[in-house]
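Novice: File protein-v1.pdb follows (PDB, C-alpha atoms, pLDDT in the B column):
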```
MODEL        1
ATOM      1  CA  MET I   1      22.583 128.755  71.895  1.00 49.00           C
ATOM      2  CA  ALA I   2      24.322 125.658  73.181  1.00 63.00           C
ATOM      3  CA  ASN I   3      27.068 126.223  75.729  1.00 92.00           C
ATOM      4  CA  ILE I   4      30.387 126.730  73.919  1.00 95.00           C
ATOM      5  CA  ALA I   5      32.432 124.946  76.576  1.00 95.00           C
ATOM      6  CA  GLU I   6      30.134 121.919  76.581  1.00 96.00           C
ATOM      7  CA  VAL I   7      30.091 121.563  72.796  1.00 97.00           C
ATOM      8  CA  LEU I   8      33.833 122.060  72.385  1.00 97.00           C
ATOM      9  CA  SER I   9      34.648 119.744  75.301  1.00 96.00           C
ATOM     10  CA  SER I  10      32.450 117.074  73.730  1.00 96.00           C
ATOM     11  CA  GLU I  11      34.219 117.434  70.382  1.00 97.00           C
ATOM     12  CA  LEU I  12      37.638 117.286  72.068  1.00 96.00           C
ATOM     13  CA  GLU I  13      36.602 114.114  73.895  1.00 95.00           C
ATOM     14  CA  LYS I  14      35.925 112.478  70.516  1.00 94.00           C
ATOM     15  CA  LEU I  15      39.563 113.131  69.599  1.00 91.00           C
ATOM     16  CA  ALA I  16      41.073 111.724  72.793  1.00 88.00           C
ATOM     17  CA  ASP I  17      42.615 108.783  70.918  1.00 85.00           C
ATOM     18  CA  SER I  18      44.436 111.266  68.685  1.00 84.00           C
ATOM     19  CA  TYR I  19      46.500 112.651  71.559  1.00 87.00           C
ATOM     20  CA  ALA I  20      48.997 109.771  71.311  1.00 86.00           C
ATOM     21  CA  VAL I  21      51.009 111.474  68.563  1.00 88.00           C
ATOM     22  CA  CYS I  22      54.404 109.785  68.533  1.00 85.00           C
ATOM     23  CA  GLY I  23      56.338 111.316  65.653  1.00 88.00           C
ATOM     24  CA  ILE I  24      56.561 113.120  62.337  1.00 89.00           C
ATOM     25  CA  VAL I  25      56.474 111.132  59.089  1.00 92.00           C
ATOM     26  CA  ASP I  26      58.391 112.061  55.949  1.00 93.00           C
ATOM     27  CA  GLN I  27      57.364 111.070  52.423  1.00 92.00           C
ATOM     28  CA  ALA I  28      59.778 108.159  52.466  1.00 92.00           C
ATOM     29  CA  GLY I  29      57.823 106.623  55.334  1.00 90.00           C
ATOM     30  CA  CYS I  30      60.356 107.340  58.102  1.00 92.00           C
ATOM     31  CA  VAL I  31      58.963 108.352  61.484  1.00 92.00           C
ATOM     32  CA  TYR I  32      60.948 110.754  63.643  1.00 89.00           C
ATOM     33  CA  PRO I  33      60.011 110.657  67.352  1.00 87.00           C
ATOM     34  CA  LEU I  34      58.858 113.924  68.881  1.00 83.00           C
ATOM     35  CA  GLY I  35      61.313 114.118  71.755  1.00 78.00           C
ATOM     36  CA  ALA I  36      61.020 116.445  74.731  1.00 75.00           C
ATOM     37  CA  ASP I  37      60.703 119.920  73.239  1.00 80.00           C
ATOM     38  CA  THR I  38      57.701 121.618  74.824  1.00 84.00           C
ATOM     39  CA  LYS I  39      57.267 123.997  71.865  1.00 86.00           C
ATOM     40  CA  VAL I  40      56.972 121.048  69.486  1.00 87.00           C
ATOM     41  CA  LEU I  41      54.426 119.365  71.752  1.00 88.00           C
ATOM     42  CA  SER I  42      52.441 122.601  72.027  1.00 91.00           C
ATOM     43  CA  THR I  43      52.205 122.727  68.237  1.00 91.00           C
ATOM     44  CA  ILE I  44      51.097 119.083  68.143  1.00 91.00           C
ATOM     45  CA  PHE I  45      48.225 119.706  70.574  1.00 92.00           C
ATOM     46  CA  GLU I  46      47.147 122.776  68.627  1.00 93.00           C
ATOM     47  CA  LEU I  47      46.992 120.635  65.460  1.00 93.00           C
ATOM     48  CA  VAL I  48      45.114 117.863  67.249  1.00 92.00           C
ATOM     49  CA  SER I  49      42.536 120.318  68.598  1.00 96.00           C
ATOM     50  CA  ARG I  50      41.828 121.894  65.195  1.00 96.00           C
ATOM     51  CA  PRO I  51      39.165 119.366  64.040  1.00 97.00           C
ATOM     52  CA  ALA I  52      37.274 119.851  67.323  1.00 97.00           C
ATOM     53  CA  VAL I  53      37.341 123.638  66.925  1.00 98.00           C
ATOM     54  CA  TYR I  54      36.063 123.486  63.362  1.00 98.00           C
ATOM     55  CA  ALA I  55      33.356 120.963  64.287  1.00 97.00           C
ATOM     56  CA  THR I  56      32.225 123.216  67.141  1.00 98.00           C
ATOM     57  CA  GLY I  57      32.109 126.234  64.874  1.00 97.00           C
ATOM     58  CA  LYS I  58      29.925 124.369  62.377  1.00 97.00           C
ATOM     59  CA  LEU I  59      27.554 123.159  65.098  1.00 96.00           C
ATOM     60  CA  LEU I  60      27.165 126.670  66.502  1.00 96.00           C
ATOM     61  CA  GLY I  61      26.869 128.421  63.143  1.00 96.00           C
ATOM     62  CA  TYR I  62      30.248 130.151  62.945  1.00 97.00           C
ATOM     63  CA  GLU I  63      33.004 130.374  60.368  1.00 98.00           C
ATOM     64  CA  VAL I  64      36.527 129.748  61.681  1.00 98.00           C
ATOM     65  CA  TYR I  65      39.498 131.990  60.951  1.00 98.00           C
ATOM     66  CA  GLU I  66      43.152 131.235  61.664  1.00 97.00           C
ATOM     67  CA  PRO I  67      45.756 134.040  61.601  1.00 95.00           C
ATOM     68  CA  THR I  68      48.134 134.145  58.660  1.00 91.00           C
ATOM     69  CA  VAL I  69      50.849 135.840  60.733  1.00 88.00           C
ATOM     70  CA  GLN I  70      52.830 133.795  63.247  1.00 85.00           C
ATOM     71  CA  ASN I  71      52.419 134.660  66.937  1.00 86.00           C
ATOM     72  CA  HIS I  72      49.191 136.601  66.443  1.00 94.00           C
ATOM     73  CA  TYR I  73      46.376 136.059  68.927  1.00 97.00           C
ATOM     74  CA  PRO I  74      44.199 134.002  68.929  1.00 97.00           C
ATOM     75  CA  ASP I  75      44.826 130.579  67.420  1.00 97.00           C
ATOM     76  CA  PHE I  76      41.211 130.396  66.197  1.00 98.00           C
ATOM     77  CA  THR I  77      38.464 132.990  65.744  1.00 98.00           C
ATOM     78  CA  PHE I  78      34.761 132.207  65.425  1.00 98.00           C
ATOM     79  CA  HIS I  79      32.981 134.839  63.342  1.00 98.00           C
ATOM     80  CA  LYS I  80      29.861 135.538  61.302  1.00 97.00           C
ATOM     81  CA  GLY I  81      31.627 137.894  58.922  1.00 96.00           C
ATOM     82  CA  LEU I  82      35.211 139.137  58.943  1.00 96.00           C
ATOM     83  CA  ASP I  83      34.062 142.729  59.493  1.00 96.00           C
ATOM     84  CA  ALA I  84      31.434 141.843  62.092  1.00 96.00           C
ATOM     85  CA  LYS I  85      31.832 142.186  65.828  1.00 97.00           C
ATOM     86  CA  GLY I  86      30.787 139.511  68.299  1.00 97.00           C
ATOM     87  CA  LYS I  87      33.757 137.300  67.445  1.00 98.00           C
ATOM     88  CA  ILE I  88      34.915 134.543  69.811  1.00 98.00           C
ATOM     89  CA  ALA I  89      38.617 133.878  70.458  1.00 98.00           C
ATOM     90  CA  PHE I  90      40.124 130.473  71.215  1.00 98.00           C
ATOM     91  CA  ASP I  91      43.749 130.121  72.233  1.00 97.00           C
ATOM     92  CA  VAL I  92      45.408 126.735  72.750  1.00 97.00           C
ATOM     93  CA  LYS I  93      47.726 126.457  75.757  1.00 97.00           C
ATOM     94  CA  THR I  94      49.881 123.473  76.706  1.00 96.00           C
ATOM     95  CA  THR I  95      51.948 122.672  79.767  1.00 95.00           C
ATOM     96  CA  TYR I  96      53.125 119.632  81.687  1.00 94.00           C
ATOM     97  CA  ARG I  97      53.218 118.185  85.183  1.00 93.00           C
ATOM     98  CA  MET I  98      55.130 115.273  86.672  1.00 90.00           C
ATOM     99  CA  LYS I  99      52.197 113.613  88.490  1.00 90.00           C
ATOM    100  CA  ASP I 100      48.426 113.575  88.040  1.00 91.00           C
ATOM    101  CA  ASP I 101      47.669 115.743  91.072  1.00 91.00           C
ATOM    102  CA  ASP I 102      50.469 118.282  90.577  1.00 95.00           C
ATOM    103  CA  LYS I 103      49.601 121.962  90.223  1.00 97.00           C
ATOM    104  CA  PHE I 104      50.545 123.766  87.025  1.00 97.00           C
ATOM    105  CA  SER I 105      50.147 127.104  85.262  1.00 96.00           C
ATOM    106  CA  TYR I 106      50.290 128.846  81.872  1.00 96.00           C
ATOM    107  CA  THR I 107      51.105 132.236  80.449  1.00 94.00           C
ATOM    108  CA  LEU I 108      48.061 133.873  78.884  1.00 95.00           C
ATOM    109  CA  GLY I 109      49.456 136.464  76.524  1.00 92.00           C
ATOM    110  CA  GLY I 110      50.804 139.973  76.901  1.00 92.00           C
ATOM    111  CA  TYR I 111      49.203 142.695  78.997  1.00 94.00           C
ATOM    112  CA  THR I 112      50.837 145.605  77.155  1.00 92.00           C
ATOM    113  CA  SER I 113      49.517 144.863  73.659  1.00 92.00           C
ATOM    114  CA  PHE I 114      45.957 144.586  72.327  1.00 96.00           C
ATOM    115  CA  ILE I 115      44.083 144.808  75.639  1.00 95.00           C
ATOM    116  CA  ARG I 116      45.373 148.361  76.178  1.00 95.00           C
ATOM    117  CA  PRO I 117      43.769 151.454  74.608  1.00 92.00           C
ATOM    118  CA  GLY I 118      45.743 152.553  71.559  1.00 92.00           C
ATOM    119  CA  ASN I 119      47.074 149.046  70.921  1.00 93.00           C
ATOM    120  CA  GLU I 120      43.794 147.357  69.998  1.00 95.00           C
ATOM    121  CA  SER I 121      45.184 145.922  66.744  1.00 95.00           C
ATOM    122  CA  LYS I 122      48.668 144.972  67.972  1.00 93.00           C
ATOM    123  CA  ASN I 123      49.538 141.283  67.558  1.00 93.00           C
ATOM    124  CA  ILE I 124      45.901 140.230  67.178  1.00 97.00           C
ATOM    125  CA  ALA I 125      43.962 138.826  64.207  1.00 97.00           C
ATOM    126  CA  PHE I 126      41.136 141.384  64.492  1.00 97.00           C
ATOM    127  CA  PRO I 127      40.782 144.535  66.625  1.00 97.00           C
ATOM    128  CA  PHE I 128      40.236 143.678  70.272  1.00 97.00           C
ATOM    129  CA  ASP I 129      36.776 145.271  70.362  1.00 96.00           C
ATOM    130  CA  HIS I 130      35.619 142.835  67.664  1.00 97.00           C
ATOM    131  CA  TYR I 131      35.769 140.045  70.241  1.00 98.00           C
ATOM    132  CA  ALA I 132      32.915 139.318  72.636  1.00 97.00           C
ATOM    133  CA  GLU I 133      34.482 136.289  74.337  1.00 97.00           C
ATOM    134  CA  HIS I 134      37.945 134.868  74.961  1.00 98.00           C
ATOM    135  CA  TRP I 135      38.404 131.151  75.658  1.00 98.00           C
ATOM    136  CA  VAL I 136      41.388 128.956  76.455  1.00 98.00           C
ATOM    137  CA  ILE I 137      41.703 125.328  75.360  1.00 98.00           C
ATOM    138  CA  GLY I 138      44.166 124.068  77.938  1.00 98.00           C
ATOM    139  CA  PHE I 139      46.127 120.838  77.564  1.00 97.00           C
ATOM    140  CA  VAL I 140      48.200 119.345  80.374  1.00 96.00           C
ATOM    141  CA  TYR I 141      50.213 116.156  80.139  1.00 94.00           C
ATOM    142  CA  ASN I 142      52.418 114.101  82.422  1.00 93.00           C
ATOM    143  CA  ARG I 143      56.014 114.468  81.351  1.00 89.00           C
ATOM    144  CA  ILE I 144      57.932 111.217  80.904  1.00 84.00           C
ATOM    145  CA  ALA I 145      61.549 112.022  81.791  1.00 62.00           C
ATOM    146  CA  GLU I 146      63.199 109.016  80.149  1.00 54.00           C
ATOM    147  CA  LYS I 147      61.970 109.735  76.629  1.00 48.00           C
ATOM    148  CA  LYS I 148      65.024 111.256  74.953  1.00 55.00           C
ATOM    149  CA  ALA I 149      66.603 108.010  73.750  1.00 47.00           C
ATOM    150  CA  GLY I 150      63.863 107.558  71.178  1.00 51.00           C
ATOM    151  CA  ALA I 151      64.548 111.010  69.756  1.00 52.00           C
ATOM    152  CA  GLU I 152      67.897 109.745  68.407  1.00 57.00           C
ATOM    153  CA  HIS I 153      66.322 107.142  66.123  1.00 81.00           C
ATOM    154  CA  ARG I 154      64.197 106.776  63.019  1.00 86.00           C
ATOM    155  CA  TYR I 155      61.391 104.264  62.788  1.00 90.00           C
ATOM    156  CA  ARG I 156      59.400 102.705  59.976  1.00 89.00           C
ATOM    157  CA  VAL I 157      55.654 103.214  59.884  1.00 90.00           C
ATOM    158  CA  ASP I 158      55.154  99.560  60.800  1.00 90.00           C
ATOM    159  CA  GLN I 159      57.194 100.207  63.980  1.00 90.00           C
ATOM    160  CA  ILE I 160      54.909 102.926  65.345  1.00 88.00           C
ATOM    161  CA  ALA I 161      53.947 100.806  68.341  1.00 87.00           C
ATOM    162  CA  ASP I 162      57.634 100.726  69.356  1.00 87.00           C
ATOM    163  CA  ILE I 163      58.049 104.514  69.462  1.00 87.00           C
ATOM    164  CA  PRO I 164      58.224 105.831  73.050  1.00 83.00           C
ATOM    165  CA  LEU I 165      55.790 108.636  73.830  1.00 85.00           C
ATOM    166  CA  PRO I 166      57.309 111.670  75.587  1.00 85.00           C
ATOM    167  CA  PHE I 167      54.095 112.257  77.531  1.00 89.00           C
ATOM    168  CA  GLY I 168      51.159 110.473  79.128  1.00 89.00           C
ATOM    169  CA  ASN I 169      47.730 111.077  80.665  1.00 92.00           C
ATOM    170  CA  VAL I 170      46.764 114.013  78.459  1.00 94.00           C
ATOM    171  CA  GLU I 171      43.856 116.010  79.890  1.00 95.00           C
ATOM    172  CA  VAL I 172      42.099 119.092  78.571  1.00 96.00           C
ATOM    173  CA  PHE I 173      39.774 121.841  79.754  1.00 97.00           C
ATOM    174  CA  VAL I 174      37.860 124.682  78.094  1.00 98.00           C
ATOM    175  CA  GLN I 175      37.444 127.853  80.131  1.00 98.00           C
ATOM    176  CA  GLU I 176      37.119 131.609  79.689  1.00 98.00           C
ATOM    177  CA  LYS I 177      40.457 133.383  79.868  1.00 98.00           C
ATOM    178  CA  TRP I 178      39.530 135.832  82.623  1.00 98.00           C
ATOM    179  CA  ARG I 179      38.333 133.022  84.880  1.00 98.00           C
ATOM    180  CA  ILE I 180      41.743 131.294  84.900  1.00 98.00           C
ATOM    181  CA  SER I 181      43.938 134.390  84.990  1.00 98.00           C
ATOM    182  CA  SER I 182      45.884 135.230  88.124  1.00 97.00           C
ATOM    183  CA  ASP I 183      46.790 138.699  89.368  1.00 96.00           C
ATOM    184  CA  ARG I 184      50.506 138.034  88.810  1.00 93.00           C
ATOM    185  CA  ALA I 185      52.649 138.339  85.713  1.00 90.00           C
ATOM    186  CA  GLY I 186      53.984 135.110  84.279  1.00 86.00           C
ATOM    187  CA  SER I 187      57.264 133.956  82.718  1.00 71.00           C
ATOM    188  CA  GLY I 188      59.870 135.986  84.546  1.00 67.00           C
ATOM    189  CA  ASN I 189      60.568 139.488  83.257  1.00 69.00           C
ATOM    190  CA  THR I 190      58.263 139.389  80.234  1.00 77.00           C
ATOM    191  CA  THR I 191      54.984 141.293  80.221  1.00 90.00           C
ATOM    192  CA  ASN I 192      52.731 138.238  80.135  1.00 93.00           C
ATOM    193  CA  ILE I 193      49.598 137.595  82.145  1.00 96.00           C
ATOM    194  CA  GLY I 194      50.059 134.606  84.408  1.00 95.00           C
ATOM    195  CA  SER I 195      47.353 132.013  84.927  1.00 97.00           C
ATOM    196  CA  LEU I 196      46.301 130.687  88.301  1.00 97.00           C
ATOM    197  CA  HIS I 197      48.581 127.999  89.746  1.00 97.00           C
ATOM    198  CA  GLY I 198      46.332 125.061  90.450  1.00 97.00           C
ATOM    199  CA  THR I 199      45.045 121.612  89.656  1.00 96.00           C
ATOM    200  CA  LEU I 200      43.042 120.598  86.615  1.00 96.00           C
ATOM    201  CA  GLU I 201      39.886 120.951  88.712  1.00 96.00           C
ATOM    202  CA  ASP I 202      40.804 124.579  89.498  1.00 97.00           C
ATOM    203  CA  PHE I 203      41.090 125.368  85.790  1.00 98.00           C
ATOM    204  CA  ARG I 204      37.878 123.581  84.876  1.00 97.00           C
ATOM    205  CA  ALA I 205      36.048 125.482  87.630  1.00 97.00           C
ATOM    206  CA  GLY I 206      37.648 128.808  86.705  1.00 97.00           C
ATOM    207  CA  ASN I 207      38.937 129.497  90.215  1.00 97.00           C
ATOM    208  CA  GLY I 208      40.821 132.688  89.380  1.00 97.00           C
ATOM    209  CA  PRO I 209      40.706 135.792  91.610  1.00 98.00           C
ATOM    210  CA  PHE I 210      38.699 138.133  89.379  1.00 98.00           C
ATOM    211  CA  ALA I 211      35.014 138.840  89.978  1.00 97.00           C
ATOM    212  CA  SER I 212      34.282 139.635  86.329  1.00 98.00           C
ATOM    213  CA  GLU I 213      35.898 140.090  82.941  1.00 98.00           C
ATOM    214  CA  ASP I 214      35.611 143.857  83.368  1.00 97.00           C
ATOM    215  CA  GLU I 215      37.649 143.692  86.573  1.00 98.00           C
ATOM    216  CA  PHE I 216      40.203 141.447  84.845  1.00 98.00           C
ATOM    217  CA  LEU I 217      40.619 143.965  81.997  1.00 97.00           C
ATOM    218  CA  ASP I 218      40.741 146.992  84.318  1.00 97.00           C
ATOM    219  CA  TYR I 219      43.433 145.301  86.393  1.00 97.00           C
ATOM    220  CA  TRP I 220      45.726 144.215  83.566  1.00 97.00           C
ATOM    221  CA  ARG I 221      45.313 147.448  81.621  1.00 96.00           C
ATOM    222  CA  ALA I 222      46.614 149.324  84.656  1.00 94.00           C
ATOM    223  CA  TYR I 223      49.229 146.799  85.783  1.00 94.00           C
ATOM    224  CA  GLY I 224      52.744 148.248  85.739  1.00 90.00           C
ATOM    225  CA  ARG I 225      55.237 146.968  83.204  1.00 85.00           C
ATOM    226  CA  THR I 226      57.985 146.818  85.831  1.00 82.00           C
ATOM    227  CA  LYS I 227      58.063 146.416  89.602  1.00 80.00           C
ATOM    228  CA  ALA I 228      58.921 150.093  89.929  1.00 81.00           C
ATOM    229  CA  GLU I 229      55.719 150.994  88.062  1.00 85.00           C
ATOM    230  CA  ARG I 230      53.527 148.958  90.423  1.00 85.00           C
ATOM    231  CA  GLY I 231      53.523 151.379  93.322  1.00 81.00           C
ATOM    232  CA  ALA I 232      49.724 151.650  93.434  1.00 87.00           C
ATOM    233  CA  PHE I 233      49.051 147.908  93.419  1.00 91.00           C
ATOM    234  CA  SER I 234      50.613 144.550  92.618  1.00 91.00           C
ATOM    235  CA  ASN I 235      47.758 142.172  93.498  1.00 95.00           C
ATOM    236  CA  ILE I 236      43.971 142.079  93.311  1.00 97.00           C
ATOM    237  CA  ASP I 237      43.371 143.082  96.947  1.00 96.00           C
ATOM    238  CA  GLN I 238      45.539 146.181  96.583  1.00 95.00           C
ATOM    239  CA  PHE I 239      43.844 146.956  93.255  1.00 96.00           C
ATOM    240  CA  ARG I 240      40.375 146.921  94.830  1.00 96.00           C
ATOM    241  CA  ILE I 241      41.534 149.283  97.560  1.00 94.00           C
ATOM    242  CA  PHE I 242      43.117 151.479  94.879  1.00 91.00           C
ATOM    243  CA  LYS I 243      39.852 151.567  92.898  1.00 89.00           C
ATOM    244  CA  GLN I 244      37.838 152.435  96.000  1.00 85.00           C
ATOM    245  CA  GLY I 245      40.165 155.371  96.629  1.00 80.00           C
ATOM    246  CA  GLN I 246      39.438 156.731  93.133  1.00 77.00           C
ATOM    247  CA  LYS I 247      35.697 157.025  93.789  1.00 65.00           C
TER     248      LYS I 247
ENDMDL
END
```
Rewrite the coordinates I just gave you, this time as structure tokens.
Specialist:
Amino acid sequence: MANIAEVLSSELEKLADSYAVCGIVDQAGCVYPLGADTKVLSTIFELVSRPAVYATGKLLGYEVYEPTVQNHYPDFTFHKGLDAKGKIAFDVKTTYRMKDDDKFSYTLGGYTSFIRPGNESKNIAFPFDHYAEHWVIGFVYNRIAEKKAGAEHRYRVDQIADIPLPFGNVEVFVQEKWRISSDRAGSGNTTNIGSLHGTLEDFRAGNGPFASEDEFLDYWRAYGRTKAERGAFSNIDQFRIFKQGQK
């Protein structure tokens, strides 16, 4: 089978001109600029990536499923039958940087839900053991600080070229989730897996700390929910020592 990352990356490259989304159009033909909200921009990039995901699924012989419940993982599932195993998960992640060579990071979903025994169907489209692979489609863009003025106006469709974009230099990568995960929780006090903190090249190369997906799952299944519960380990080096002591 063709390499998933190569095929999907090729399909995303075909859509590169579509990244310059500048607003939302109503039926009267008024265009409302996007503004700065990162959640709105994340939704935009998920919508833009959809044709590439569906094209990749068709090329590789898969049907594509999207969850009907909001906030369920993943954004897209490749399958060859809704009851069949061997599914492939694709989650779209978006973040920003100020300059091209800045480092950045993402949150990669909770570590107390579907990856843990007993919770295999929690907040996920299909049971966790139905999935054979987990991929991230990662977008990063340069944030343009002086973009908010445009958010206060409406434009006509024939004025699209005048609408200021709130972002620039959009770049994308496709990589397996475990390869870009870090050994630290992300987003403050929430129980989310943090990604590595690196450059675009780090994400494309998958320069995370885990040696395998099995090690990634073992680590995050055992990771304490709070600092007080992390007495045995709080990073990958301590975890490996901990595992050696169990043998």
Novice: Mind listing as a PDB file with C-alpha atoms, keeping the file's coordinate frame all residues within 10 Å of (51.0, 110.7, 74.7), counting only C-alpha atoms?
Specialist:
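Done, and the output landed in part-v9.pdb:
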```
ATOM      1  CA  ASP I  17      42.615 108.783  70.918  1.00 85.00           C
ATOM      2  CA  SER I  18      44.436 111.266  68.685  1.00 84.00           C
ATOM      3  CA  TYR I  19      46.500 112.651  71.559  1.00 87.00           C
ATOM      4  CA  ALA I  20      48.997 109.771  71.311  1.00 86.00           C
ATOM      5  CA  VAL I  21      51.009 111.474  68.563  1.00 88.00           C
ATOM      6  CA  CYS I  22      54.404 109.785  68.533  1.00 85.00           C
ATOM      7  CA  LEU I  41      54.426 119.365  71.752  1.00 88.00           C
ATOM      8  CA  TYR I 141      50.213 116.156  80.139  1.00 94.00           C
ATOM      9  CA  ASN I 142      52.418 114.101  82.422  1.00 93.00           C
ATOM     10  CA  ARG I 143      56.014 114.468  81.351  1.00 89.00           C
ATOM     11  CA  ILE I 144      57.932 111.217  80.904  1.00 84.00           C
ATOM     12  CA  PRO I 164      58.224 105.831  73.050  1.00 83.00           C
ATOM     13  CA  LEU I 165      55.790 108.636  73.830  1.00 85.00           C
ATOM     14  CA  PRO I 166      57.309 111.670  75.587  1.00 85.00           C
ATOM     15  CA  PHE I 167      54.095 112.257  77.531  1.00 89.00           C
ATOM     16  CA  GLY I 168      51.159 110.473  79.128  1.00 89.00           C
ATOM     17  CA  ASN I 169      47.730 111.077  80.665  1.00 92.00           C
ATOM     18  CA  VAL I 170      46.764 114.013  78.459  1.00 94.00           C
TER      19      VAL I 170
END
```
Novice: How big is the axis-aligned box around the listed atoms of range 2-21 of chain I once 5 Å is added on each side, and where is its centre? Give both in Å to one decimal, as lines of an AutoDock Vina configuration file.
Specialist:
```
center_x = 37.7
center_y = 117.8
center_z = 72.6
size_x = 36.7
size_y = 27.9
size_z = 18.0
```
Novice: Can you work out the spacing between CA of Tyr62 in chain I and CA of Gly81 in chain I in Å, to one decimal?
Specialist: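 Interatomic distance, CA of Tyr62 in chain I to CA of Gly81 in chain I: 8.8 Å.
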Novice: Using the chain letters and residue numbers of this document, give as a ChimeraX atom specification the residues selected by the PyMOL selection byres ((chain I and resi 193) around 10).
Specialist: /I:106-112,181-187,190-192,194-196,220,223
Novice: Can you translate the PyMOL selection byres ((chain I and resi 90) around 6) into the concrete residues it hits in this file, as a PDB file with C-alpha atoms, keeping the file's coordinate frame?
Specialist:
```pdb
ATOM      1  CA  PRO I  74      44.199 134.002  68.929  1.00 97.00           C
ATOM      2  CA  PHE I  76      41.211 130.396  66.197  1.00 98.00           C
ATOM      3  CA  ALA I  89      38.617 133.878  70.458  1.00 98.00           C
ATOM      4  CA  ASP I  91      43.749 130.121  72.233  1.00 97.00           C
ATOM      5  CA  TRP I 135      38.404 131.151  75.658  1.00 98.00           C
ATOM      6  CA  VAL I 136      41.388 128.956  76.455  1.00 98.00           C
TER       7      VAL I 136
END
```
